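Participant: Contents of protein.cif (mmCIF, C-alpha atoms (C1' of nucleotides)) are given next:
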```cif
data_query
#
loop_
_atom_site.group_PDB
_atom_site.id
_atom_site.type_symbol
_atom_site.label_atom_id
_atom_site.label_comp_id
_atom_site.auth_asym_id
_atom_site.auth_seq_id
_atom_site.Cartn_x
_atom_site.Cartn_y
_atom_site.Cartn_z
ATOM 1 C CA MET A 1 10.112 -25.419 -25.397
ATOM 2 C CA SER A 2 13.791 -25.498 -26.309
ATOM 3 C CA LYS A 3 14.661 -23.511 -29.374
ATOM 4 C CA GLY A 4 16.916 -24.986 -32.074
ATOM 5 C CA THR A 5 19.881 -26.858 -30.786
ATOM 6 C CA GLY A 6 20.608 -24.482 -27.940
ATOM 7 C CA MET A 7 20.721 -26.295 -24.676
ATOM 8 C CA LYS A 8 19.520 -23.522 -22.479
ATOM 9 C CA PRO A 9 20.740 -23.997 -18.960
ATOM 10 C CA LYS A 10 17.781 -24.565 -16.745
ATOM 11 C CA LEU A 11 17.240 -21.767 -14.296
ATOM 12 C CA GLU A 12 18.447 -22.974 -10.953
ATOM 13 C CA TYR A 13 18.801 -21.210 -7.701
ATOM 14 C CA GLU A 14 21.654 -21.728 -5.362
ATOM 15 C CA ARG A 15 20.166 -22.655 -2.047
ATOM 16 C CA THR A 16 21.622 -24.055 1.135
ATOM 17 C CA ALA A 17 21.641 -27.381 2.900
ATOM 18 C CA VAL A 18 20.203 -25.927 6.072
ATOM 19 C CA GLU A 19 16.484 -26.452 5.924
ATOM 20 C CA TYR A 20 13.675 -26.584 8.421
ATOM 21 C CA ILE A 21 10.582 -28.687 7.841
ATOM 22 C CA ALA A 22 7.362 -27.927 9.670
ATOM 23 C CA GLU A 23 4.610 -30.520 9.438
ATOM 24 C CA ASN A 24 0.890 -30.255 9.884
ATOM 25 C CA ILE A 25 0.507 -26.606 8.878
ATOM 26 C CA ARG A 26 -3.116 -25.659 8.234
ATOM 27 C CA ASP A 27 -4.932 -22.735 6.657
ATOM 28 C CA PHE A 28 -1.796 -21.848 4.745
ATOM 29 C CA ASP A 29 -1.095 -20.838 1.140
ATOM 30 C CA LEU A 30 2.013 -18.919 0.085
ATOM 31 C CA ASP A 31 0.283 -17.217 -2.849
ATOM 32 C CA HIS A 32 -2.484 -16.014 -0.561
ATOM 33 C CA ILE A 33 -0.051 -14.837 2.109
ATOM 34 C CA PHE A 34 2.374 -13.015 -0.140
ATOM 35 C CA ASP A 35 -0.126 -11.658 -2.660
ATOM 36 C CA CYS A 36 -2.753 -10.170 -0.373
ATOM 37 C CA GLY A 37 -0.980 -6.824 -0.290
ATOM 38 C CA GLN A 38 0.534 -6.903 3.177
ATOM 39 C CA CYS A 39 4.205 -7.224 2.202
ATOM 40 C CA PHE A 40 6.450 -6.195 -0.657
ATOM 41 C CA ARG A 41 9.717 -8.080 -0.369
ATOM 42 C CA TRP A 42 8.818 -11.662 -1.328
ATOM 43 C CA GLU A 43 9.435 -13.005 -4.819
ATOM 44 C CA ARG A 44 7.589 -15.923 -6.351
ATOM 45 C CA ARG A 45 9.761 -18.592 -7.969
ATOM 46 C CA PRO A 46 8.689 -20.782 -10.928
ATOM 47 C CA ASP A 47 8.211 -23.744 -8.582
ATOM 48 C CA GLY A 48 5.635 -21.818 -6.555
ATOM 49 C CA SER A 49 8.025 -21.215 -3.693
ATOM 50 C CA TYR A 50 8.844 -17.745 -2.382
ATOM 51 C CA THR A 51 12.176 -16.183 -1.550
ATOM 52 C CA GLY A 52 12.391 -13.102 0.577
ATOM 53 C CA ILE A 53 13.975 -11.227 3.417
ATOM 54 C CA ALA A 54 12.598 -10.308 6.809
ATOM 55 C CA LYS A 55 14.229 -9.473 10.140
ATOM 56 C CA GLY A 56 17.617 -9.627 8.452
ATOM 57 C CA LYS A 57 17.183 -13.257 7.345
ATOM 58 C CA ILE A 58 16.870 -14.527 3.785
ATOM 59 C CA VAL A 59 14.934 -17.723 3.151
ATOM 60 C CA ASN A 60 13.016 -19.666 0.547
ATOM 61 C CA MET A 61 9.674 -21.179 1.549
ATOM 62 C CA ARG A 62 7.687 -23.867 -0.145
ATOM 63 C CA TYR A 63 4.485 -25.492 0.958
ATOM 64 C CA VAL A 64 3.268 -28.954 0.060
ATOM 65 C CA PRO A 65 -0.346 -29.754 0.877
ATOM 66 C CA ASN A 66 -0.528 -33.413 1.823
ATOM 67 C CA GLU A 67 -4.201 -33.841 2.651
ATOM 68 C CA ALA A 68 -7.314 -31.765 2.252
ATOM 69 C CA GLU A 69 -6.716 -29.813 5.415
ATOM 70 C CA THR A 70 -2.998 -29.779 6.184
ATOM 71 C CA GLY A 71 0.475 -29.607 4.648
ATOM 72 C CA THR A 72 4.234 -29.342 5.051
ATOM 73 C CA LEU A 73 6.192 -26.097 5.075
ATOM 74 C CA ILE A 74 9.828 -26.304 4.003
ATOM 75 C CA ILE A 75 12.001 -23.320 4.821
ATOM 76 C CA ASN A 76 15.402 -23.283 3.147
ATOM 77 C CA ASN A 77 18.349 -21.447 4.729
ATOM 78 C CA CYS A 78 16.657 -21.724 8.089
ATOM 79 C CA THR A 79 17.775 -23.315 11.347
ATOM 80 C CA GLU A 80 15.371 -24.649 13.929
ATOM 81 C CA GLU A 81 16.271 -21.691 16.121
ATOM 82 C CA ASP A 82 15.365 -19.229 13.368
ATOM 83 C CA TYR A 83 12.134 -21.096 12.754
ATOM 84 C CA GLN A 84 11.116 -20.855 16.407
ATOM 85 C CA ASN A 85 12.302 -17.289 16.968
ATOM 86 C CA ILE A 86 11.575 -15.691 13.620
ATOM 87 C CA TRP A 87 9.452 -17.548 11.103
ATOM 88 C CA ARG A 88 6.905 -19.194 13.355
ATOM 89 C CA PRO A 89 5.822 -15.855 14.819
ATOM 90 C CA TYR A 90 6.328 -14.036 11.500
ATOM 91 C CA LEU A 91 3.915 -16.399 9.758
ATOM 92 C CA ASP A 92 1.497 -16.264 12.702
ATOM 93 C CA LEU A 93 1.518 -20.068 12.822
ATOM 94 C CA ASP A 94 0.144 -20.329 16.355
ATOM 95 C CA ARG A 95 -3.162 -18.699 15.474
ATOM 96 C CA ASP A 96 -6.219 -20.773 14.580
ATOM 97 C CA TYR A 97 -7.340 -19.274 11.289
ATOM 98 C CA GLY A 98 -9.997 -21.966 10.871
ATOM 99 C CA LYS A 99 -11.826 -20.483 13.825
ATOM 100 C CA ILE A 100 -11.475 -16.939 12.479
ATOM 101 C CA LYS A 101 -12.770 -17.958 9.061
ATOM 102 C CA ALA A 102 -15.751 -19.765 10.541
ATOM 103 C CA LYS A 103 -16.656 -16.803 12.700
ATOM 104 C CA LEU A 104 -16.358 -14.302 9.837
ATOM 105 C CA SER A 105 -18.293 -16.497 7.391
ATOM 106 C CA LYS A 106 -21.236 -17.079 9.658
ATOM 107 C CA GLY A 107 -24.274 -15.281 8.294
ATOM 108 C CA ASP A 108 -22.234 -13.471 5.641
ATOM 109 C CA PRO A 109 -22.332 -15.130 2.198
ATOM 110 C CA VAL A 110 -19.979 -12.534 0.709
ATOM 111 C CA MET A 111 -17.367 -13.187 3.371
ATOM 112 C CA LYS A 112 -17.885 -16.926 3.007
ATOM 113 C CA ARG A 113 -16.881 -16.696 -0.662
ATOM 114 C CA ALA A 114 -13.958 -14.392 0.133
ATOM 115 C CA VAL A 115 -12.681 -16.746 2.809
ATOM 116 C CA GLU A 116 -12.917 -19.761 0.499
ATOM 117 C CA ASN A 117 -11.061 -17.803 -2.179
ATOM 118 C CA GLY A 118 -8.220 -16.786 0.121
ATOM 119 C CA SER A 119 -8.356 -19.671 2.555
ATOM 120 C CA GLY A 120 -4.600 -19.697 3.190
ATOM 121 C CA ILE A 121 -4.149 -16.037 4.097
ATOM 122 C CA ARG A 122 -2.200 -15.239 7.250
ATOM 123 C CA ILE A 123 -1.393 -11.822 8.625
ATOM 124 C CA LEU A 124 2.363 -11.555 8.946
ATOM 125 C CA HIS A 125 4.088 -10.074 11.994
ATOM 126 C CA GLN A 126 6.325 -7.613 10.195
ATOM 127 C CA ASP A 127 9.010 -5.298 11.462
ATOM 128 C CA LEU A 128 7.398 -2.043 12.526
ATOM 129 C CA TRP A 129 9.863 0.321 10.871
ATOM 130 C CA GLU A 130 9.797 -1.603 7.592
ATOM 131 C CA THR A 131 5.995 -1.521 7.690
ATOM 132 C CA ILE A 132 5.940 2.234 8.282
ATOM 133 C CA LEU A 133 8.367 2.793 5.417
ATOM 134 C CA SER A 134 6.569 0.438 3.048
ATOM 135 C CA PHE A 135 3.086 1.840 3.532
ATOM 136 C CA ILE A 136 4.149 5.475 3.291
ATOM 137 C CA ILE A 137 5.610 4.517 -0.074
ATOM 138 C CA SER A 138 2.456 2.582 -0.988
ATOM 139 C CA GLN A 139 0.167 5.599 -1.037
ATOM 140 C CA ASN A 140 -1.308 6.565 -4.388
ATOM 141 C CA ASN A 141 1.067 4.106 -6.030
ATOM 142 C CA HIS A 142 1.064 0.819 -7.983
ATOM 143 C CA ILE A 143 2.184 -2.373 -6.284
ATOM 144 C CA PRO A 144 5.014 -3.191 -8.741
ATOM 145 C CA ARG A 145 6.402 0.317 -8.318
ATOM 146 C CA ILE A 146 6.082 0.108 -4.540
ATOM 147 C CA LYS A 147 8.159 -3.062 -4.608
ATOM 148 C CA GLY A 148 10.710 -1.439 -6.895
ATOM 149 C CA CYS A 149 11.046 1.607 -4.658
ATOM 150 C CA ILE A 150 11.550 -0.460 -1.498
ATOM 151 C CA GLU A 151 14.086 -2.660 -3.234
ATOM 152 C CA LYS A 152 16.035 0.288 -4.615
ATOM 153 C CA LEU A 153 15.966 2.031 -1.256
ATOM 154 C CA SER A 154 17.385 -1.111 0.352
ATOM 155 C CA VAL A 155 20.110 -1.665 -2.227
ATOM 156 C CA LEU A 156 21.229 1.962 -2.107
ATOM 157 C CA PHE A 157 21.013 2.650 1.611
ATOM 158 C CA GLY A 158 20.449 -0.633 3.466
ATOM 159 C CA GLN A 159 22.915 -3.070 4.990
ATOM 160 C CA PRO A 160 23.735 -6.271 3.114
ATOM 161 C CA ALA A 161 22.068 -9.182 4.917
ATOM 162 C CA GLY A 162 23.777 -11.968 3.000
ATOM 163 C CA THR A 163 24.105 -13.744 -0.325
ATOM 164 C CA TYR A 164 21.402 -16.155 -1.423
ATOM 165 C CA GLU A 165 20.257 -17.517 -4.772
ATOM 166 C CA GLY A 166 23.373 -15.969 -6.243
ATOM 167 C CA ARG A 167 22.848 -12.401 -5.191
ATOM 168 C CA VAL A 168 23.236 -10.043 -2.275
ATOM 169 C CA TRP A 169 20.094 -9.143 -0.328
ATOM 170 C CA TYR A 170 19.752 -5.895 1.588
ATOM 171 C CA ASP A 171 17.755 -4.875 4.625
ATOM 172 C CA VAL A 172 15.608 -1.795 4.410
ATOM 173 C CA PRO A 173 17.573 1.184 5.708
ATOM 174 C CA GLY A 174 16.877 2.107 9.325
ATOM 175 C CA PRO A 175 15.483 5.462 10.447
ATOM 176 C CA GLU A 176 18.939 6.733 11.483
ATOM 177 C CA VAL A 177 20.332 6.211 7.988
ATOM 178 C CA LEU A 178 17.351 7.796 6.266
ATOM 179 C CA ALA A 179 17.224 10.737 8.672
ATOM 180 C CA SER A 180 20.767 11.622 7.625
ATOM 181 C CA LEU A 181 19.868 11.841 3.925
ATOM 182 C CA SER A 182 18.583 14.698 1.797
ATOM 183 C CA GLU A 183 15.881 14.713 -0.850
ATOM 184 C CA ALA A 184 18.661 14.916 -3.427
ATOM 185 C CA ASP A 185 20.146 11.695 -2.020
ATOM 186 C CA LEU A 186 16.762 9.997 -2.388
ATOM 187 C CA ALA A 187 16.053 11.289 -5.889
ATOM 188 C CA GLU A 188 17.476 8.156 -7.488
ATOM 189 C CA VAL A 189 14.880 6.018 -5.716
ATOM 190 C CA ARG A 190 12.092 7.852 -7.585
ATOM 191 C CA LEU A 191 9.826 8.105 -4.582
ATOM 192 C CA GLY A 192 8.327 11.330 -5.891
ATOM 193 C CA TYR A 193 6.674 13.510 -3.278
ATOM 194 C CA ARG A 194 6.821 10.608 -0.797
ATOM 195 C CA SER A 195 10.539 11.208 -0.245
ATOM 196 C CA ARG A 196 9.851 14.182 2.018
ATOM 197 C CA TYR A 197 7.396 12.062 4.027
ATOM 198 C CA ILE A 198 10.090 9.398 4.432
ATOM 199 C CA LEU A 199 12.666 11.925 5.596
ATOM 200 C CA GLY A 200 10.229 13.624 7.961
ATOM 201 C CA THR A 201 9.074 10.328 9.441
ATOM 202 C CA ALA A 202 12.634 9.031 9.798
ATOM 203 C CA LYS A 203 13.628 12.173 11.673
ATOM 204 C CA ALA A 204 10.590 11.964 13.931
ATOM 205 C CA VAL A 205 11.367 8.326 14.770
ATOM 206 C CA VAL A 206 15.018 9.099 15.502
ATOM 207 C CA ARG A 207 13.883 11.902 17.784
ATOM 208 C CA ASP A 208 10.871 10.283 19.510
ATOM 209 C CA GLY A 209 11.327 6.537 18.996
ATOM 210 C CA LEU A 210 8.938 4.231 17.158
ATOM 211 C CA PRO A 211 5.240 5.042 17.498
ATOM 212 C CA GLN A 212 3.369 3.009 20.121
ATOM 213 C CA THR A 213 -0.190 4.150 19.487
ATOM 214 C CA ALA A 214 -2.535 5.116 16.669
ATOM 215 C CA GLU A 215 -2.224 8.751 17.739
ATOM 216 C CA GLU A 216 1.571 8.736 17.531
ATOM 217 C CA LEU A 217 1.298 7.034 14.168
ATOM 218 C CA ALA A 218 -1.118 9.631 12.816
ATOM 219 C CA ALA A 219 1.316 12.408 13.792
ATOM 220 C CA LEU A 220 3.932 11.147 11.318
ATOM 221 C CA PRO A 221 4.131 12.961 7.972
ATOM 222 C CA GLY A 222 2.721 10.860 5.150
ATOM 223 C CA VAL A 223 0.646 8.747 7.516
ATOM 224 C CA GLY A 224 -3.092 9.307 7.091
ATOM 225 C CA PRO A 225 -5.981 7.049 8.092
ATOM 226 C CA LYS A 226 -5.369 4.333 5.513
ATOM 227 C CA VAL A 227 -1.606 4.034 5.942
ATOM 228 C CA ALA A 228 -2.008 4.141 9.728
ATOM 229 C CA ALA A 229 -4.494 1.276 9.601
ATOM 230 C CA CYS A 230 -2.065 -0.808 7.521
ATOM 231 C CA ILE A 231 0.778 -0.156 9.958
ATOM 232 C CA LEU A 232 -1.416 -1.008 12.947
ATOM 233 C CA LEU A 233 -2.500 -4.250 11.315
ATOM 234 C CA PHE A 234 0.744 -5.452 9.730
ATOM 235 C CA GLY A 235 3.355 -3.951 12.042
ATOM 236 C CA MET A 236 1.651 -3.693 15.432
ATOM 237 C CA ALA A 237 -0.688 -6.700 15.480
ATOM 238 C CA LYS A 238 -3.781 -4.542 15.985
ATOM 239 C CA TYR A 239 -6.273 -6.877 14.391
ATOM 240 C CA ASP A 240 -9.281 -4.610 14.613
ATOM 241 C CA ALA A 241 -7.644 -2.185 12.161
ATOM 242 C CA PHE A 242 -9.559 -2.095 8.863
ATOM 243 C CA PRO A 243 -7.642 -0.281 6.120
ATOM 244 C CA VAL A 244 -10.034 1.194 3.556
ATOM 245 C CA ASP A 245 -8.350 1.760 0.208
ATOM 246 C CA VAL A 246 -9.708 1.965 -3.319
ATOM 247 C CA TRP A 247 -10.107 -1.816 -3.462
ATOM 248 C CA MET A 248 -11.919 -2.031 -0.168
ATOM 249 C CA ALA A 249 -14.182 0.798 -1.292
ATOM 250 C CA ARG A 250 -15.034 -1.286 -4.348
ATOM 251 C CA VAL A 251 -15.804 -4.361 -2.279
ATOM 252 C CA MET A 252 -17.936 -2.488 0.199
ATOM 253 C CA HIS A 253 -19.830 -0.843 -2.655
ATOM 254 C CA GLN A 254 -20.184 -3.771 -5.042
ATOM 255 C CA LEU A 255 -20.667 -6.586 -2.555
ATOM 256 C CA TYR A 256 -22.094 -4.874 0.523
ATOM 257 C CA GLY A 257 -24.006 -2.069 -1.181
ATOM 258 C CA LEU A 258 -22.428 0.856 0.664
ATOM 259 C CA ASP A 259 -21.808 4.292 -0.830
ATOM 260 C CA GLN A 260 -18.455 4.008 -2.613
ATOM 261 C CA LYS A 261 -17.314 7.436 -1.447
ATOM 262 C CA ASP A 262 -18.295 7.129 2.199
ATOM 263 C CA ARG A 263 -15.183 5.749 3.910
ATOM 264 C CA ARG A 264 -16.665 6.547 7.291
ATOM 265 C CA ALA A 265 -19.655 4.303 6.661
ATOM 266 C CA MET A 266 -17.299 1.504 5.644
ATOM 267 C CA ALA A 267 -15.252 1.782 8.814
ATOM 268 C CA ASP A 268 -18.468 1.818 10.851
ATOM 269 C CA TYR A 269 -19.764 -1.231 9.011
ATOM 270 C CA ALA A 270 -16.494 -3.064 9.643
ATOM 271 C CA SER A 271 -16.403 -2.327 13.341
ATOM 272 C CA GLU A 272 -20.036 -3.342 13.719
ATOM 273 C CA HIS A 273 -19.915 -6.554 11.670
ATOM 274 C CA PHE A 274 -16.290 -7.702 11.887
ATOM 275 C CA GLY A 275 -15.245 -6.153 15.187
ATOM 276 C CA ARG A 276 -11.947 -7.420 16.532
ATOM 277 C CA LEU A 277 -11.524 -9.497 13.367
ATOM 278 C CA GLY A 278 -11.710 -6.481 11.061
ATOM 279 C CA GLY A 279 -8.127 -6.842 9.903
ATOM 280 C CA PHE A 280 -8.607 -10.457 8.896
ATOM 281 C CA ALA A 281 -11.849 -9.576 7.144
ATOM 282 C CA GLN A 282 -10.072 -6.842 5.226
ATOM 283 C CA GLN A 283 -7.405 -9.242 4.003
ATOM 284 C CA TYR A 284 -9.916 -11.823 2.742
ATOM 285 C CA LEU A 285 -11.972 -9.143 1.013
ATOM 286 C CA PHE A 286 -8.932 -7.437 -0.491
ATOM 287 C CA TYR A 287 -7.606 -10.680 -1.933
ATOM 288 C CA TYR A 288 -11.076 -11.610 -3.175
ATOM 289 C CA ILE A 289 -11.799 -8.384 -5.059
ATOM 290 C CA ARG A 290 -8.302 -8.389 -6.546
ATOM 291 C CA SER A 291 -8.678 -11.944 -7.783
ATOM 292 C CA LEU A 292 -12.062 -11.085 -9.322
ATOM 293 C CA HIS A 293 -10.463 -8.098 -10.999
ATOM 294 C CA ASP A 294 -7.645 -10.139 -12.539
ATOM 295 C CA LYS A 295 -10.133 -12.397 -14.342
ATOM 296 C "C1'" DT B 1 -2.549 11.241 -24.368
ATOM 297 C "C1'" DC B 2 -4.545 10.955 -20.112
ATOM 298 C "C1'" DG B 3 -6.197 8.689 -16.090
ATOM 299 C "C1'" DC B 4 -5.019 6.021 -12.486
ATOM 300 C "C1'" DA B 5 -2.554 3.693 -8.634
ATOM 301 C "C1'" DG B 6 -3.602 0.088 -1.651
ATOM 302 C "C1'" DG B 7 -3.700 8.599 -0.086
ATOM 303 C "C1'" DT B 8 -2.163 12.668 2.270
ATOM 304 C "C1'" DG B 9 -2.002 17.446 3.461
ATOM 305 C "C1'" DG B 10 -3.454 21.931 2.532
ATOM 306 C "C1'" DT B 11 -7.074 25.098 1.495
ATOM 307 C "C1'" DC B 12 -11.347 26.596 1.037
ATOM 308 C "C1'" DG B 13 -16.605 27.390 2.225
ATOM 309 C "C1'" DC C 1 -15.860 19.672 9.725
ATOM 310 C "C1'" DG C 2 -16.431 18.181 4.658
ATOM 311 C "C1'" DA C 3 -15.486 18.690 -0.085
ATOM 312 C "C1'" DC C 4 -12.101 19.551 -3.463
ATOM 313 C "C1'" DC C 5 -7.286 19.419 -5.369
ATOM 314 C "C1'" DA C 6 -2.225 19.261 -6.254
ATOM 315 C "C1'" DC C 7 1.147 15.911 -6.066
ATOM 316 C "C1'" DC C 8 6.021 12.354 -8.240
ATOM 317 C "C1'" DT C 9 6.099 8.616 -11.208
ATOM 318 C "C1'" DG C 10 5.301 4.857 -14.507
ATOM 319 C "C1'" DC C 11 2.150 2.137 -17.010
ATOM 320 C "C1'" DG C 12 -1.700 0.844 -20.188
#
```
Written as structure tokens, that's how I'd like the structure from this file.

Facilitator:
Amino acid sequence: MSKGTGMKPKLEYERTAVEYIAENIRDFDLDHIFDCGQCFRWERRPDGSYTGIAKGKIVNMRYVPNEAETGTLIINNCTEEDYQNIWRPYLDLDRDYGKIKAKLSKGDPVMKRAVENGSGIRILHQDLWETILSFIISQNNHIPRIKGCIEKLSVLFGQPAGTYEGRVWYDVPGPEVLASLSEADLAEVRLGYRSRYILGTAKAVVRDGLPQTAEELAALPGVGPKVAACILLFGMAKYDAFPVDVWMARVMHQLYGLDQKDRRAMADYASEHFGRLGGFAQQYLFYYIRSLHDK
DNA sequence: TCGCAGGTGGTCG
DNA sequence: CGACCACCTGCG
């Protein structure tokens, strides 16, 4: 609704002419992908598209379903080379999610509903360091504040990656940069007690390199079982990882009848029933319980 | 105001 | 081991 006589300029975003169009993309929904809790740097636009930064590249993505089962993905500010080298693997486009969903749904009515609810979820292949940083920050924290912290950290200490939609976008700061900072330097980011975990982990990574295994991950300060599982799943492509957080505890209690406090039992249940697909199962269930909660 | 949020690490028994 | 419990911060 326009008010009075004011001709409010319509909000428009400055995008680029370079665009890549991928046809015949299945099992894909941007809301499902970017709102299932795996990433924190994508912003929804009023047209349903998403703009974000990953691997030093800034793009806008929109998806147009053209039949019941397939659709077109349009990536703005993206060359064919970037699509092949970055976004195709990032979006996990070469995996058959239809097969995964069918396998998980079989004999499990709860999972069947969860899969239908989040049918377009895909597990992103994210940068390992960014994933470590993000999920240390995520602990005992609200999602909007997590996003704010990561953004502020990037603007203050990250490298500019380019200008897009009329503003400068920044990469998350690397471990070398963070390892050189003090808690006083980080105070402005409002990370709270997590700032010492970030500094400790950055120093460990500078000293020992990025973690390669679950054991090396668990040795990092601020990385417990839940955060480690998220990093394994989202940053290391370990698809049997099954992060159990407060939401997953709710699902396992309310929908599978397990003791809400017994995280061990939940992990056991996941490995027994979901096995190598535990990570996918977790994402469908997480998105499902969150969408139930919002209503 | 107070509890809680995609938990972790430390300290008990 | 397993069960507490403090912990930065911002929001409802």

Participant: Any chance you could tabulate, as a Markdown table, the residues of chain A at most 9 Å from chain C with each one's nearest atom pair and distance in Å to one decimal, using all atoms listed in the file, in chain and rising number order?

Facilitator:
```
| residue | atom | partner | partner_atom | distance |
| --- | --- | --- | --- | --- |
| A:Asn141 | CA | C:DT9 | C1' | 8.5 |
| A:His142 | CA | C:DG10 | C1' | 8.8 |
| A:Arg145 | CA | C:DG10 | C1' | 7.8 |
| A:Arg190 | CA | C:DT9 | C1' | 7.0 |
| A:Leu191 | CA | C:DC8 | C1' | 6.8 |
| A:Gly192 | CA | C:DC8 | C1' | 3.4 |
| A:Tyr193 | CA | C:DC8 | C1' | 5.1 |
| A:Arg194 | CA | C:DC8 | C1' | 7.7 |
```

Participant: Find the distance between atom CA of Asp262 of chain A and atom CA of Thr213 of chain A and write it in Å to one decimal.

Facilitator: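 Separation of atom CA of Asp262 of chain A and atom CA of Thr213 of chain A: 25.2 Å.
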
Participant: Considering all atoms listed in the file, tabulate each residue of segment 231-280 of chain A that lies at most 8 Å from segment 1-11 of chain B along with its nearest interatomic pair and the corresponding distance in Å to one decimal; arrange the rows by chain and ascending residue number and present them as a Markdown table.

Facilitator:
```
| residue | atom | partner | partner_atom | distance |
| --- | --- | --- | --- | --- |
| A:Asp245 | CA | B:DG6 | C1' | 5.4 |
| A:Val246 | CA | B:DG6 | C1' | 6.6 |
| A:Trp247 | CA | B:DG6 | C1' | 7.0 |
```

Participant: Give the padded box for chain B as AutoDock Vina command-line options: axis-aligned, covering all atoms listed in the file, 6 Å on each side, centre and edge lengths in Å to one decimal.

Facilitator:
```
--center_x -9.3 --center_y 13.7 --center_z -10.5 --size_x 26.6 --size_y 39.3 --size_z 39.8
```

Participant: For Tyr239 of chain A, list every protein, DNA or RNA residue within 10 Å, evaluated using only C-alpha atoms (C1' of nucleotides), and leave out those in the same chain fewer than 2 positions away; present the list as a PyMOL selection string.

Facilitator: chain A and resi 123+229+232-234+236-237+241-242+275-282

Participant: Separation of atom CA of Tyr288 of chain A and atom CA of Ile150 of chain A, in Å?

Facilitator: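 Computing the Euclidean distance for atom CA of Tyr288 of chain A and atom CA of Ile150 of chain A yields 25.3 Å.
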
Participant: Starting from the PyMOL selection byres ((chain A and resi 56-63) around 10), expand the selection into actual residues of this file and give them as an MDAnalysis selection string.

Facilitator: chainID A and resid 15:16 19:23 25 28:30 42:45 47:55 64:66 71:78 82 86:87 159:165 168:172

Participant: Please indicate the distance in Å from atom CA of Gln38 of chain A to atom CA of Arg207 of chain A, rounded to one decimal place.

Facilitator: 27.3 Å

Participant: Based on all atoms listed in the file, which of the residues in chain A come within 9 Å of chain B? I want them as a list in words.

Facilitator: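 The answer, sorted by residue number, is Gly37, Phe135, Ser138, Gln139, Asn140, Asn141, His142, Ile143, Pro221, Gly222, Val223, Gly224, Pro225, Lys226, Val227, Pro243, Val244, Asp245, Val246, Trp247 and Met248 of chain A.
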
Participant: Between A:Leu285, A:Phe40, A:Thr70, A:Met266, which has the minimum distance to Lys112 of chain A (counting all atoms listed in the file)?

Facilitator: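 The shortest atom-to-atom distance to Lys112 of chain A comes from A:Leu285.
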
Participant: Can you list what the PyMOL selection byres ((chain A and resi 255) around 10) grabs from this structure, as a list in words?

Facilitator: Pro109, Val110, Met111, Ala249, Arg250, Val251, Met252, His253, Gln254, Tyr256, Gly257, Leu258, Leu285 and Ile289 of chain A

Participant: Can I get the selected residues back with C-alpha atoms, as a PDB file, in the frame of the given file?

Facilitator:
```
ATOM      1  CA  PRO A 109     -22.332 -15.130   2.198  1.00  0.00           C
ATOM      2  CA  VAL A 110     -19.979 -12.534   0.709  1.00  0.00           C
ATOM      3  CA  MET A 111     -17.367 -13.187   3.371  1.00  0.00           C
ATOM      4  CA  ALA A 249     -14.182   0.798  -1.292  1.00  0.00           C
ATOM      5  CA  ARG A 250     -15.034  -1.286  -4.348  1.00  0.00           C
ATOM      6  CA  VAL A 251     -15.804  -4.361  -2.279  1.00  0.00           C
ATOM      7  CA  MET A 252     -17.936  -2.488   0.199  1.00  0.00           C
ATOM      8  CA  HIS A 253     -19.830  -0.843  -2.655  1.00  0.00           C
ATOM      9  CA  GLN A 254     -20.184  -3.771  -5.042  1.00  0.00           C
ATOM     10  CA  TYR A 256     -22.094  -4.874   0.523  1.00  0.00           C
ATOM     11  CA  GLY A 257     -24.006  -2.069  -1.181  1.00  0.00           C
ATOM     12  CA  LEU A 258     -22.428   0.856   0.664  1.00  0.00           C
ATOM     13  CA  LEU A 285     -11.972  -9.143   1.013  1.00  0.00           C
ATOM     14  CA  ILE A 289     -11.799  -8.384  -5.059  1.00  0.00           C
TER      15      ILE A 289
END
```

Participant: List the residues matched by the PyMOL selection byres ((chain A and resi 182) around 12) in the displayed structure as a list of chain:residue names, ordered by chain and then by residue number.

Facilitator: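 Evaluating the PyMOL selection byres ((chain A and resi 182) around 12) on this file yields A:Val177, A:Leu178, A:Ala179, A:Ser180, A:Leu181, A:Glu183, A:Ala184, A:Asp185, A:Leu186, A:Ala187, A:Glu188, A:Ser195, A:Arg196, A:Tyr197, A:Ile198, A:Leu199, A:Gly200, A:Ala202, A:Lys203.
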
Participant: Write out N, CA and C atoms for segment 243-249 of chain A, as a compact mmCIF listing (two decimals), keeping the file's coordinate frame.

Facilitator:
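Full text of part_25.txt as output:
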```txt
# COMPACT_ATOMS: atom_id res chain seq x y z
N PRO A 243 -8.08 -1.26 7.12
CA PRO A 243 -7.64 -0.28 6.12
C PRO A 243 -8.65 -0.20 4.96
N VAL A 244 -9.12 0.99 4.68
CA VAL A 244 -10.03 1.19 3.56
C VAL A 244 -9.30 1.93 2.44
N ASP A 245 -9.01 1.19 1.38
CA ASP A 245 -8.35 1.76 0.21
C ASP A 245 -9.32 1.69 -0.96
N VAL A 246 -8.81 1.98 -2.16
CA VAL A 246 -9.71 1.96 -3.32
C VAL A 246 -10.33 0.58 -3.54
N TRP A 247 -9.58 -0.46 -3.26
CA TRP A 247 -10.11 -1.82 -3.46
C TRP A 247 -11.19 -2.14 -2.45
N MET A 248 -10.93 -1.76 -1.21
CA MET A 248 -11.92 -2.03 -0.17
C MET A 248 -13.18 -1.24 -0.43
N ALA A 249 -13.02 -0.01 -0.94
CA ALA A 249 -14.18 0.80 -1.29
C ALA A 249 -15.01 0.09 -2.36
```
